[in-house]
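Colleague: File follows, target-v9.pdb with PDB, C-alpha atoms (C1' of nucleotides):
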MODEL        1
ATOM      1  CA  MET P   1     -20.765  20.921   0.607
ATOM      2  CA  LYS P   2     -21.862  23.978   2.424
ATOM      3  CA  ASP P   3     -25.308  24.415   0.928
ATOM      4  CA  GLY P   4     -26.480  20.936   1.781
ATOM      5  CA  HIS P   5     -27.281  20.022  -1.780
ATOM      6  CA  ALA P   6     -26.145  16.607  -2.859
ATOM      7  CA  ARG P   7     -23.044  16.793  -4.963
ATOM      8  CA  GLU P   8     -23.379  14.947  -8.182
ATOM      9  CA  LEU P   9     -20.633  12.714  -9.367
ATOM     10  CA  MET P  10     -20.675  14.312 -12.794
ATOM     11  CA  ASP P  11     -19.865  17.671 -11.241
ATOM     12  CA  LEU P  12     -16.646  16.426  -9.715
ATOM     13  CA  THR P  13     -13.868  18.914 -10.365
ATOM     14  CA  PRO P  14     -10.227  17.919 -10.863
ATOM     15  CA  THR P  15      -9.383  19.606  -7.602
ATOM     16  CA  ASP P  16     -12.045  17.657  -5.733
ATOM     17  CA  ALA P  17     -10.949  14.455  -7.401
ATOM     18  CA  LEU P  18      -7.360  15.043  -6.445
ATOM     19  CA  SER P  19      -8.337  15.774  -2.870
ATOM     20  CA  ILE P  20     -10.240  12.510  -2.636
ATOM     21  CA  TRP P  21      -7.318  10.694  -4.218
ATOM     22  CA  ARG P  22      -4.951  12.198  -1.696
ATOM     23  CA  ASP P  23      -7.112  11.315   1.270
ATOM     24  CA  ALA P  24      -7.438   7.742   0.106
ATOM     25  CA  ILE P  25      -3.808   7.108  -0.747
ATOM     26  CA  THR P  26      -2.638   8.888   2.374
ATOM     27  CA  GLU P  27      -4.835   6.726   4.534
ATOM     28  CA  SER P  28      -3.525   3.690   2.699
ATOM     29  CA  VAL P  29       0.071   4.723   3.396
ATOM     30  CA  ARG P  30      -0.713   5.467   7.033
ATOM     31  CA  ARG P  31      -2.135   2.004   7.498
ATOM     32  CA  ASP P  32       1.167   0.558   6.366
ATOM     33  CA  THR P  33      -0.406  -1.425   3.569
ATOM     34  CA  PRO P  34       1.991  -2.674   0.879
ATOM     35  CA  ASP P  35       3.579   0.260  -0.951
ATOM     36  CA  LEU P  36       2.387  -0.645  -4.413
ATOM     37  CA  SER P  37       3.533   1.250  -7.473
ATOM     38  CA  ALA P  38       1.119   2.648 -10.013
ATOM     39  CA  ARG P  39       1.875  -0.235 -12.327
ATOM     40  CA  GLN P  40       1.291  -2.833  -9.669
ATOM     41  CA  MET P  41      -1.978  -1.201  -8.696
ATOM     42  CA  ALA P  42      -3.000  -1.057 -12.335
ATOM     43  CA  VAL P  43      -2.305  -4.764 -12.759
ATOM     44  CA  LEU P  44      -4.081  -5.669  -9.543
ATOM     45  CA  THR P  45      -7.241  -3.695 -10.230
ATOM     46  CA  THR P  46      -7.363  -4.833 -13.825
ATOM     47  CA  VAL P  47      -7.245  -8.466 -12.766
ATOM     48  CA  TYR P  48     -10.113  -7.889 -10.382
ATOM     49  CA  LEU P  49     -12.316  -5.558 -12.381
ATOM     50  CA  CYS P  50     -11.879  -6.677 -15.958
ATOM     51  CA  PRO P  51     -13.255  -9.931 -17.346
ATOM     52  CA  ALA P  52     -10.962 -12.935 -17.159
ATOM     53  CA  PRO P  53      -8.837 -14.489 -18.396
ATOM     54  CA  HIS P  54      -5.767 -12.362 -17.763
ATOM     55  CA  THR P  55      -2.382 -13.177 -19.222
ATOM     56  CA  VAL P  56       0.946 -11.417 -18.932
ATOM     57  CA  ARG P  57       0.782 -10.586 -22.575
ATOM     58  CA  GLY P  58      -2.733  -9.204 -22.359
ATOM     59  CA  LEU P  59      -1.963  -7.079 -19.340
ATOM     60  CA  ALA P  60       1.197  -5.774 -20.970
ATOM     61  CA  GLU P  61      -0.734  -4.699 -24.035
ATOM     62  CA  GLN P  62      -3.590  -3.201 -22.088
ATOM     63  CA  LEU P  63      -1.270  -1.201 -19.851
ATOM     64  CA  ASN P  64       1.215  -0.357 -22.581
ATOM     65  CA  VAL P  65       4.203  -1.697 -20.653
ATOM     66  CA  ALA P  66       6.810  -4.345 -21.419
ATOM     67  CA  LYS P  67       6.015  -7.942 -20.571
ATOM     68  CA  PRO P  68       8.851  -8.385 -18.065
ATOM     69  CA  ALA P  69       7.442  -5.424 -16.161
ATOM     70  CA  VAL P  70       4.131  -7.230 -15.874
ATOM     71  CA  THR P  71       5.893 -10.415 -14.826
ATOM     72  CA  ARG P  72       7.626  -8.512 -12.049
ATOM     73  CA  ALA P  73       4.411  -6.884 -10.936
ATOM     74  CA  VAL P  74       2.768 -10.281 -10.803
ATOM     75  CA  ASP P  75       5.780 -11.579  -8.861
ATOM     76  CA  ARG P  76       5.274  -8.930  -6.235
ATOM     77  CA  LEU P  77       1.511  -9.278  -6.096
ATOM     78  CA  SER P  78       1.882 -13.048  -5.827
ATOM     79  CA  GLU P  79       4.293 -12.720  -2.918
ATOM     80  CA  LEU P  80       1.741 -10.536  -1.220
ATOM     81  CA  GLY P  81      -0.910 -13.154  -1.942
ATOM     82  CA  LEU P  82      -3.054 -10.670  -3.837
ATOM     83  CA  VAL P  83      -3.105 -12.672  -7.076
ATOM     84  CA  ARG P  84      -2.232 -16.229  -8.061
ATOM     85  CA  ARG P  85      -0.613 -17.685 -11.142
ATOM     86  CA  LYS P  86      -2.293 -20.635 -12.772
ATOM     87  CA  PRO P  87      -0.943 -22.455 -15.812
ATOM     88  CA  ASP P  88      -3.288 -22.342 -18.774
ATOM     89  CA  GLN P  89      -4.294 -25.879 -19.621
ATOM     90  CA  GLU P  90      -5.294 -25.020 -23.149
ATOM     91  CA  ASP P  91      -2.145 -23.120 -24.066
ATOM     92  CA  ARG P  92       0.639 -24.227 -21.817
ATOM     93  CA  ARG P  93       2.833 -21.352 -22.828
ATOM     94  CA  SER P  94       0.428 -19.037 -21.087
ATOM     95  CA  VAL P  95      -0.057 -18.347 -17.417
ATOM     96  CA  LEU P  96      -3.361 -17.044 -16.169
ATOM     97  CA  ILE P  97      -3.460 -14.473 -13.418
ATOM     98  CA  ASN P  98      -6.263 -15.187 -10.999
ATOM     99  CA  ARG P  99      -7.830 -13.467  -8.045
ATOM    100  CA  THR P 100      -7.414 -14.552  -4.457
ATOM    101  CA  VAL P 101      -9.509 -14.098  -1.354
ATOM    102  CA  LYS P 102      -6.798 -11.936   0.136
ATOM    103  CA  GLY P 103      -6.735  -9.736  -2.925
ATOM    104  CA  SER P 104     -10.495  -9.385  -2.846
ATOM    105  CA  VAL P 105     -10.367  -8.291   0.760
ATOM    106  CA  PHE P 106      -7.536  -5.897   0.047
ATOM    107  CA  LEU P 107      -9.320  -4.187  -2.825
ATOM    108  CA  SER P 108     -12.611  -4.164  -0.987
ATOM    109  CA  GLU P 109     -11.016  -2.293   1.877
ATOM    110  CA  PHE P 110      -9.277  -0.008  -0.548
ATOM    111  CA  GLY P 111     -12.579   0.812  -2.205
ATOM    112  CA  GLU P 112     -14.051   1.641   1.164
ATOM    113  CA  MET P 113     -11.159   3.976   1.860
ATOM    114  CA  ILE P 114     -11.913   5.846  -1.340
ATOM    115  CA  VAL P 115     -15.581   6.108  -0.436
ATOM    116  CA  GLN P 116     -14.630   7.374   2.986
ATOM    117  CA  ALA P 117     -12.368   9.958   1.387
ATOM    118  CA  ALA P 118     -15.135  11.016  -0.965
ATOM    119  CA  HIS P 119     -17.507  11.516   1.934
ATOM    120  CA  GLY P 120     -14.964  13.615   3.787
ATOM    121  CA  THR P 121     -14.353  15.789   0.756
ATOM    122  CA  SER P 122     -17.889  16.395  -0.367
ATOM    123  CA  GLN P 123     -19.837  16.207   2.854
ATOM    124  CA  SER P 124     -22.772  18.559   3.271
TER     125      SER P 124
ATOM    126  CA  MET W   1     -26.206   5.362 -15.092
ATOM    127  CA  LYS W   2     -28.879   3.672 -17.039
ATOM    128  CA  ASP W   3     -31.934   5.438 -15.619
ATOM    129  CA  GLY W   4     -30.628   8.890 -16.393
ATOM    130  CA  HIS W   5     -30.736  10.065 -12.805
ATOM    131  CA  ALA W   6     -27.711  12.004 -11.654
ATOM    132  CA  ARG W   7     -25.492   9.899  -9.492
ATOM    133  CA  GLU W   8     -24.686  11.598  -6.236
ATOM    134  CA  LEU W   9     -21.200  11.527  -4.903
ATOM    135  CA  MET W  10     -22.432  10.377  -1.519
ATOM    136  CA  ASP W  11     -23.908   7.299  -3.105
ATOM    137  CA  LEU W  12     -20.592   6.135  -4.460
ATOM    138  CA  THR W  13     -20.141   2.443  -3.738
ATOM    139  CA  PRO W  14     -16.751   0.843  -3.040
ATOM    140  CA  THR W  15     -17.046  -1.037  -6.309
ATOM    141  CA  ASP W  16     -17.717   2.148  -8.258
ATOM    142  CA  ALA W  17     -14.883   3.892  -6.475
ATOM    143  CA  LEU W  18     -12.502   1.095  -7.295
ATOM    144  CA  SER W  19     -13.566   1.121 -10.907
ATOM    145  CA  ILE W  20     -12.862   4.831 -11.175
ATOM    146  CA  TRP W  21      -9.548   4.334  -9.438
ATOM    147  CA  ARG W  22      -8.619   1.622 -11.903
ATOM    148  CA  ASP W  23      -9.560   3.651 -14.940
ATOM    149  CA  ALA W  24      -7.524   6.600 -13.713
ATOM    150  CA  ILE W  25      -4.400   4.725 -12.693
ATOM    151  CA  THR W  26      -4.541   2.574 -15.803
ATOM    152  CA  GLU W  27      -4.705   5.620 -18.013
ATOM    153  CA  SER W  28      -1.816   7.097 -16.070
ATOM    154  CA  VAL W  29       0.265   3.961 -16.631
ATOM    155  CA  ARG W  30      -0.679   3.796 -20.280
ATOM    156  CA  ARG W  31       0.493   7.353 -20.784
ATOM    157  CA  ASP W  32       3.907   6.328 -19.496
ATOM    158  CA  THR W  33       3.904   8.893 -16.704
ATOM    159  CA  PRO W  34       6.438   8.324 -13.926
ATOM    160  CA  ASP W  35       5.653   5.089 -12.074
ATOM    161  CA  LEU W  36       5.210   6.610  -8.629
ATOM    162  CA  SER W  37       4.716   4.476  -5.549
ATOM    163  CA  ALA W  38       1.857   5.043  -3.146
ATOM    164  CA  ARG W  39       4.232   6.766  -0.752
ATOM    165  CA  GLN W  40       5.567   9.074  -3.415
ATOM    166  CA  MET W  41       2.067   9.944  -4.544
ATOM    167  CA  ALA W  42       1.041  10.591  -0.953
ATOM    168  CA  VAL W  43       3.968  12.950  -0.462
ATOM    169  CA  LEU W  44       3.345  14.717  -3.747
ATOM    170  CA  THR W  45      -0.366  15.293  -3.226
ATOM    171  CA  THR W  46       0.125  16.315   0.377
ATOM    172  CA  VAL W  47       2.626  18.976  -0.640
ATOM    173  CA  TYR W  48       0.180  20.351  -3.147
ATOM    174  CA  LEU W  49      -3.091  20.067  -1.270
ATOM    175  CA  CYS W  50      -2.184  20.687   2.346
ATOM    176  CA  PRO W  51      -1.187  24.085   3.714
ATOM    177  CA  ALA W  52       2.520  24.869   3.628
ATOM    178  CA  PRO W  53       5.124  24.698   4.986
ATOM    179  CA  HIS W  54       6.104  21.079   4.451
ATOM    180  CA  THR W  55       9.177  19.537   6.046
ATOM    181  CA  VAL W  56      10.545  16.024   5.878
ATOM    182  CA  ARG W  57       9.722  15.498   9.503
ATOM    183  CA  GLY W  58       6.200  16.821   9.149
ATOM    184  CA  LEU W  59       5.498  14.648   6.146
ATOM    185  CA  ALA W  60       6.967  11.612   7.885
ATOM    186  CA  GLU W  61       4.686  12.121  10.864
ATOM    187  CA  GLN W  62       1.631  12.823   8.792
ATOM    188  CA  LEU W  63       2.144   9.760   6.613
ATOM    189  CA  ASN W  64       3.393   7.523   9.410
ATOM    190  CA  VAL W  65       6.574   6.551   7.596
ATOM    191  CA  ALA W  66      10.271   6.845   8.472
ATOM    192  CA  LYS W  67      12.102  10.051   7.660
ATOM    193  CA  PRO W  68      14.573   8.472   5.240
ATOM    194  CA  ALA W  69      11.641   7.169   3.288
ATOM    195  CA  VAL W  70      10.342  10.692   2.929
ATOM    196  CA  THR W  71      13.796  11.952   1.980
ATOM    197  CA  ARG W  72      13.995   9.336  -0.743
ATOM    198  CA  ALA W  73      10.534  10.170  -1.994
ATOM    199  CA  VAL W  74      11.505  13.828  -2.145
ATOM    200  CA  ASP W  75      14.714  12.830  -3.941
ATOM    201  CA  ARG W  76      12.729  11.077  -6.595
ATOM    202  CA  LEU W  77      10.096  13.767  -6.910
ATOM    203  CA  SER W  78      12.823  16.387  -7.125
ATOM    204  CA  GLU W  79      14.577  14.525  -9.904
ATOM    205  CA  LEU W  80      11.295  14.475 -11.748
ATOM    206  CA  GLY W  81      10.930  18.198 -11.113
ATOM    207  CA  LEU W  82       7.609  17.730  -9.361
ATOM    208  CA  VAL W  83       8.722  19.352  -6.111
ATOM    209  CA  ARG W  84      11.653  21.524  -5.067
ATOM    210  CA  ARG W  85      13.710  21.685  -1.907
ATOM    211  CA  LYS W  86      14.219  25.121  -0.451
ATOM    212  CA  PRO W  87      16.271  25.906   2.643
ATOM    213  CA  ASP W  88      14.208  27.448   5.404
ATOM    214  CA  GLN W  89      15.552  30.915   6.103
ATOM    215  CA  GLU W  90      14.045  31.072   9.551
ATOM    216  CA  ASP W  91      15.262  27.683  10.684
ATOM    217  CA  ARG W  92      18.222  26.830   8.572
ATOM    218  CA  ARG W  93      18.238  23.239   9.722
ATOM    219  CA  SER W  94      15.012  22.717   7.910
ATOM    220  CA  VAL W  95      14.364  22.263   4.261
ATOM    221  CA  LEU W  96      10.978  23.162   2.930
ATOM    222  CA  ILE W  97       9.369  21.123   0.212
ATOM    223  CA  ASN W  98       7.785  23.425  -2.319
ATOM    224  CA  ARG W  99       5.608  23.068  -5.351
ATOM    225  CA  THR W 100       6.790  23.545  -8.899
ATOM    226  CA  VAL W 101       5.041  24.495 -12.087
ATOM    227  CA  LYS W 102       5.761  21.063 -13.478
ATOM    228  CA  GLY W 103       4.248  19.413 -10.430
ATOM    229  CA  SER W 104       1.172  21.595 -10.689
ATOM    230  CA  VAL W 105       0.705  20.606 -14.277
ATOM    231  CA  PHE W 106       1.263  16.955 -13.475
ATOM    232  CA  LEU W 107      -1.324  16.881 -10.708
ATOM    233  CA  SER W 108      -3.744  18.970 -12.687
ATOM    234  CA  GLU W 109      -3.634  16.468 -15.500
ATOM    235  CA  PHE W 110      -3.912  13.645 -13.036
ATOM    236  CA  GLY W 111      -7.017  15.209 -11.527
ATOM    237  CA  GLU W 112      -8.522  15.489 -14.971
ATOM    238  CA  MET W 113      -7.832  11.820 -15.580
ATOM    239  CA  ILE W 114      -9.756  10.963 -12.434
ATOM    240  CA  VAL W 115     -12.661  13.128 -13.523
ATOM    241  CA  GLN W 116     -12.615  11.484 -16.906
ATOM    242  CA  ALA W 117     -12.644   8.085 -15.235
ATOM    243  CA  ALA W 118     -15.548   9.134 -13.040
ATOM    244  CA  HIS W 119     -17.522  10.231 -16.059
ATOM    245  CA  GLY W 120     -16.856   6.963 -17.804
ATOM    246  CA  THR W 121     -17.953   4.933 -14.820
ATOM    247  CA  SER W 122     -21.102   6.795 -13.878
ATOM    248  CA  GLN W 123     -22.290   8.127 -17.175
ATOM    249  CA  SER W 124     -26.030   8.291 -17.799
TER     250      SER W 124
ATOM    251  C1'  DT M   1      28.667  30.176  27.157
ATOM    252  C1'  DG M   2      28.171  25.304  27.147
ATOM    253  C1'  DT M   3      25.147  21.450  26.857
ATOM    254  C1'  DT M   4      21.305  19.160  24.956
ATOM    255  C1'  DT M   5      17.939  18.522  21.611
ATOM    256  C1'  DT M   6      16.250  18.648  17.099
ATOM    257  C1'  DC M   7      16.644  19.155  12.337
ATOM    258  C1'  DG M   8      17.382  17.067   7.455
ATOM    259  C1'  DA M   9      20.747  14.753   5.018
ATOM    260  C1'  DT M  10      23.978  11.187   4.410
ATOM    261  C1'  DT M  11      26.179   6.862   4.739
ATOM    262  C1'  DC M  12      26.201   1.880   5.195
ATOM    263  C1'  DG M  13      25.278  -2.927   3.636
ATOM    264  C1'  DC M  14      21.959  -5.278   1.664
ATOM    265  C1'  DT M  15      17.890  -6.151  -1.008
ATOM    266  C1'  DT M  16      14.872  -5.099  -4.631
ATOM    267  C1'  DT M  17      13.711  -3.292  -9.017
ATOM    268  C1'  DC M  18      14.741  -1.568 -13.535
ATOM    269  C1'  DG M  19      14.853  -2.088 -18.821
ATOM    270  C1'  DA M  20      16.850  -4.771 -22.317
ATOM    271  C1'  DT M  21      17.942  -8.930 -24.000
ATOM    272  C1'  DA M  22      18.349 -13.944 -24.168
ATOM    273  C1'  DT M  23      16.273 -18.325 -23.268
ATOM    274  C1'  DG M  24      13.412 -22.403 -22.958
ATOM    275  C1'  DA M  25       8.961 -24.153 -23.703
ATOM    276  C1'  DT M  26       5.012 -24.533 -26.478
ATOM    277  C1'  DC M  27       2.033 -23.738 -30.321
ATOM    278  C1'  DA M  28       0.899 -23.031 -35.273
ATOM    279  C1'  DT M  29       2.059 -23.759 -39.888
ATOM    280  C1'  DG M  30       3.978 -25.460 -44.116
TER     281       DG M  30
ATOM    282  C1'  DC I   1       8.399 -32.929 -38.418
ATOM    283  C1'  DA I   2      10.775 -28.688 -38.921
ATOM    284  C1'  DT I   3      10.720 -24.074 -38.714
ATOM    285  C1'  DG I   4       9.218 -19.845 -37.081
ATOM    286  C1'  DA I   5       6.182 -17.383 -33.992
ATOM    287  C1'  DT I   6       4.703 -16.565 -29.444
ATOM    288  C1'  DC I   7       4.400 -17.389 -24.579
ATOM    289  C1'  DA I   8       6.423 -16.203 -19.840
ATOM    290  C1'  DT I   9      10.403 -15.790 -17.493
ATOM    291  C1'  DA I  10      15.750 -15.917 -16.514
ATOM    292  C1'  DT I  11      19.487 -13.178 -16.614
ATOM    293  C1'  DC I  12      22.357  -9.055 -16.635
ATOM    294  C1'  DG I  13      24.561  -4.742 -14.979
ATOM    295  C1'  DA I  14      22.809  -0.508 -13.409
ATOM    296  C1'  DA I  15      19.963   1.958 -10.545
ATOM    297  C1'  DA I  16      16.917   2.729  -6.659
ATOM    298  C1'  DG I  17      14.971   1.213  -2.401
ATOM    299  C1'  DC I  18      15.251  -0.248   2.427
ATOM    300  C1'  DG I  19      16.066   0.569   7.868
ATOM    301  C1'  DA I  20      19.570   1.735  11.078
ATOM    302  C1'  DA I  21      23.034   4.467  12.401
ATOM    303  C1'  DT I  22      25.537   8.665  12.015
ATOM    304  C1'  DC I  23      26.598  13.348  10.466
ATOM    305  C1'  DG I  24      27.054  18.302  10.983
ATOM    306  C1'  DA I  25      24.353  22.377  11.584
ATOM    307  C1'  DA I  26      21.525  25.003  14.269
ATOM    308  C1'  DA I  27      18.155  25.954  17.632
ATOM    309  C1'  DA I  28      16.770  25.700  22.505
ATOM    310  C1'  DC I  29      17.819  25.638  26.996
ATOM    311  C1'  DA I  30      20.495  26.093  31.186
TER     312       DA I  30
ENDMDL
END
Now that the file is in, can you turn its structure into structure tokens?
Modeller:
Amino acid sequence: MKDGHARELMDLTPTDALSIWRDAITESVRRDTPDLSARQMAVLTTVYLCPAPHTVRGLAEQLNVAKPAVTRAVDRLSELGLVRRKPDQEDRRSVLINRTVKGSVFLSEFGEMIVQAAHGTSQS
Amino acid sequence: MKDGHARELMDLTPTDALSIWRDAITESVRRDTPDLSARQMAVLTTVYLCPAPHTVRGLAEQLNVAKPAVTRAVDRLSELGLVRRKPDQEDRRSVLINRTVKGSVFLSEFGEMIVQAAHGTSQS
DNA sequence: TGTTTTCGATTCGCTTTCGATATGATCATG
DNA sequence: CATGATCATATCGAAAGCGAATCGAAAACA
């Protein structure tokens, strides 16, 4: 910001928001992090930010996508070590999707990239 | 925010940022918008937010990815009507990647989703 | 002019992903 | 128990993605 006043989060314009988004995702791509799709990112962040437990069915409903799509997303995220499947002991039809240390680190770094992008966009 | 003070953008924490990111991308997925990868989103936003002209080579360098990857991303974005290829008249080897009305609308709506997510996360 | 370099696109084979459907396992119910 | 509902995933052909190599066109240079 040119006038030195602190920009308030509520005043964020769509253009500003998009600029921050671009900076963050561009930096992510540059760093050669896994090229996650929107769906995969939605699944990953939901698992980490929303209260457990998380099932394929629940995620599919919440994200309004078919269950096999969630299964595939979990496949990919599991291969990357960002989430882990764990059979539900109480209902053995279900599989719970859990967090991992690697996933926590990944999202933590991603969050910092967003913050960095926000600072670059709205700096005084 | 619970105390009613305006949250400043500079104070954004990685956790807050991630929460906003999740809300936005989740809403995007729920609306059944095209499931773009991080690379595709990086290409799309760069075309719209960075000064023209944009070439495959330039985008590849800027994003640190291989040229065919950019070509494929442009293929996909073109099919979706979000960008348009246009032969460069001055250097007819080159193809310029231009914006479209549809792409402008898409990103505009996306920006509004982010703003909406930011409001939801940091509301008073 | 002739050679070299640079451009984006294309092709190759191989792998991955897609949506839709079918399947096997497990639970709930009558 | 037996029957149907519900869970996640296996499977399918089709489509898209991948990196590496190659293409032809065109610019730059000699």
Colleague: Run the PyMOL selection byres ((chain W and resi 109) around 12) mentally over the shown coordinates, then write out the matched residues as a short mmCIF file (atom, residue, chain, number, x, y, z; two decimals) with C-alpha atoms, keeping the file's coordinate frame, using the chain letters and numbers from the document.
Modeller:
data_model
loop_
_atom_site.label_atom_id
_atom_site.label_comp_id
_atom_site.auth_asym_id
_atom_site.auth_seq_id
_atom_site.Cartn_x
_atom_site.Cartn_y
_atom_site.Cartn_z
CA THR P 13 -13.87 18.91 -10.36
CA PRO P 14 -10.23 17.92 -10.86
CA THR P 15 -9.38 19.61 -7.60
CA ALA P 17 -10.95 14.46 -7.40
CA LEU P 18 -7.36 15.04 -6.44
CA ALA W 24 -7.52 6.60 -13.71
CA GLU W 27 -4.70 5.62 -18.01
CA SER W 28 -1.82 7.10 -16.07
CA ARG W 31 0.49 7.35 -20.78
CA THR W 33 3.90 8.89 -16.70
CA LYS W 102 5.76 21.06 -13.48
CA GLY W 103 4.25 19.41 -10.43
CA SER W 104 1.17 21.60 -10.69
CA VAL W 105 0.70 20.61 -14.28
CA PHE W 106 1.26 16.95 -13.48
CA LEU W 107 -1.32 16.88 -10.71
CA SER W 108 -3.74 18.97 -12.69
CA PHE W 110 -3.91 13.64 -13.04
CA GLY W 111 -7.02 15.21 -11.53
CA GLU W 112 -8.52 15.49 -14.97
CA MET W 113 -7.83 11.82 -15.58
CA ILE W 114 -9.76 10.96 -12.43
CA VAL W 115 -12.66 13.13 -13.52
CA GLN W 116 -12.62 11.48 -16.91
#
Colleague: Check what the PyMOL selection byres ((chain P) within 12 of (chain I)) selects in the file above and give those residues as an MDAnalysis selection string.
Modeller: chainID P and resid 35 55:58 60 66:72 74:75 85 87:88 91:97
Colleague: What is the CA of Glu61 (chain W)-CA of Arg22 (chain P) distance in Å, reported with one decimal?
Modeller: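 It comes out at 15.8 Å.
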Colleague: For chain M, list the residues within 12 Å of chain W, counting all atoms listed in the file, and write the list as number ranges by chain.
Modeller: M: 6-11, 18
Colleague: Counting all atoms listed in the file, which residues sit no farther than 7 Å from the position (4.5, 3.1, 7.5) in the file's frame? I'd like them as a PyMOL selection string.
Modeller: (chain P and resi 29-32) or (chain W and resi 64-66)
Colleague: Restrict the selected residues to C-alpha atoms and save them as a PDB file, in the frame of the given file.
Modeller:
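result.pdb written:
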ATOM      1  CA  VAL P  29       0.071   4.723   3.396  1.00  0.00           C
ATOM      2  CA  ARG P  30      -0.713   5.467   7.033  1.00  0.00           C
ATOM      3  CA  ARG P  31      -2.135   2.004   7.498  1.00  0.00           C
ATOM      4  CA  ASP P  32       1.167   0.558   6.366  1.00  0.00           C
TER       5      ASP P  32
ATOM      6  CA  ASN W  64       3.393   7.523   9.410  1.00  0.00           C
ATOM      7  CA  VAL W  65       6.574   6.551   7.596  1.00  0.00           C
ATOM      8  CA  ALA W  66      10.271   6.845   8.472  1.00  0.00           C
TER       9      ALA W  66
END
Colleague: Measuring atom to atom with only C-alpha atoms, identify which of W:Ala118, W:Gln89, W:Arg84, W:Ala52 is nearest to chain P.
Modeller: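 The answer is W:Ala118, which sits nearest to chain P.
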Colleague: How many Å separate CA of Arg76 (chain P) from CA of Leu36 (chain P)?
Modeller: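 Rounded to one decimal, the two atoms are 9.0 Å apart.
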Colleague: Between CA of Ser37 (chain P) and CA of Ala38 (chain W), what is the distance in Å, rounded to a tenth?
Modeller: 6.0 Å
Colleague: Using all atoms listed in the file, which residue out of P:Thr121, P:Ser78, P:Thr100, P:Ser19 lies closest to Gln40 (chain P)?
Modeller: P:Ser78
Colleague: Taking a cut-off of 10 Å and counting all atoms listed in the file, can you build a table that, for each residue of region 23-57 of chain W near region 44-51 of chain P, reports the nearest atom pair and how far apart they are in Å (one decimal), sorted by chain then residue number, as CSV?
Modeller:
residue,atom,partner,partner_atom,distance
W:Asp23,CA,P:Thr46,CA,8.8
W:Ile25,CA,P:Thr45,CA,9.2
W:Thr26,CA,P:Thr46,CA,8.2
Colleague: Of the residues P:Leu82, P:Ala73, P:Val43, P:Val101, which is the one nearest to chain W, using only C-alpha atoms?
Modeller: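 Comparing P:Leu82, P:Ala73, P:Val43, P:Val101 against chain W, the winner is P:Val43.
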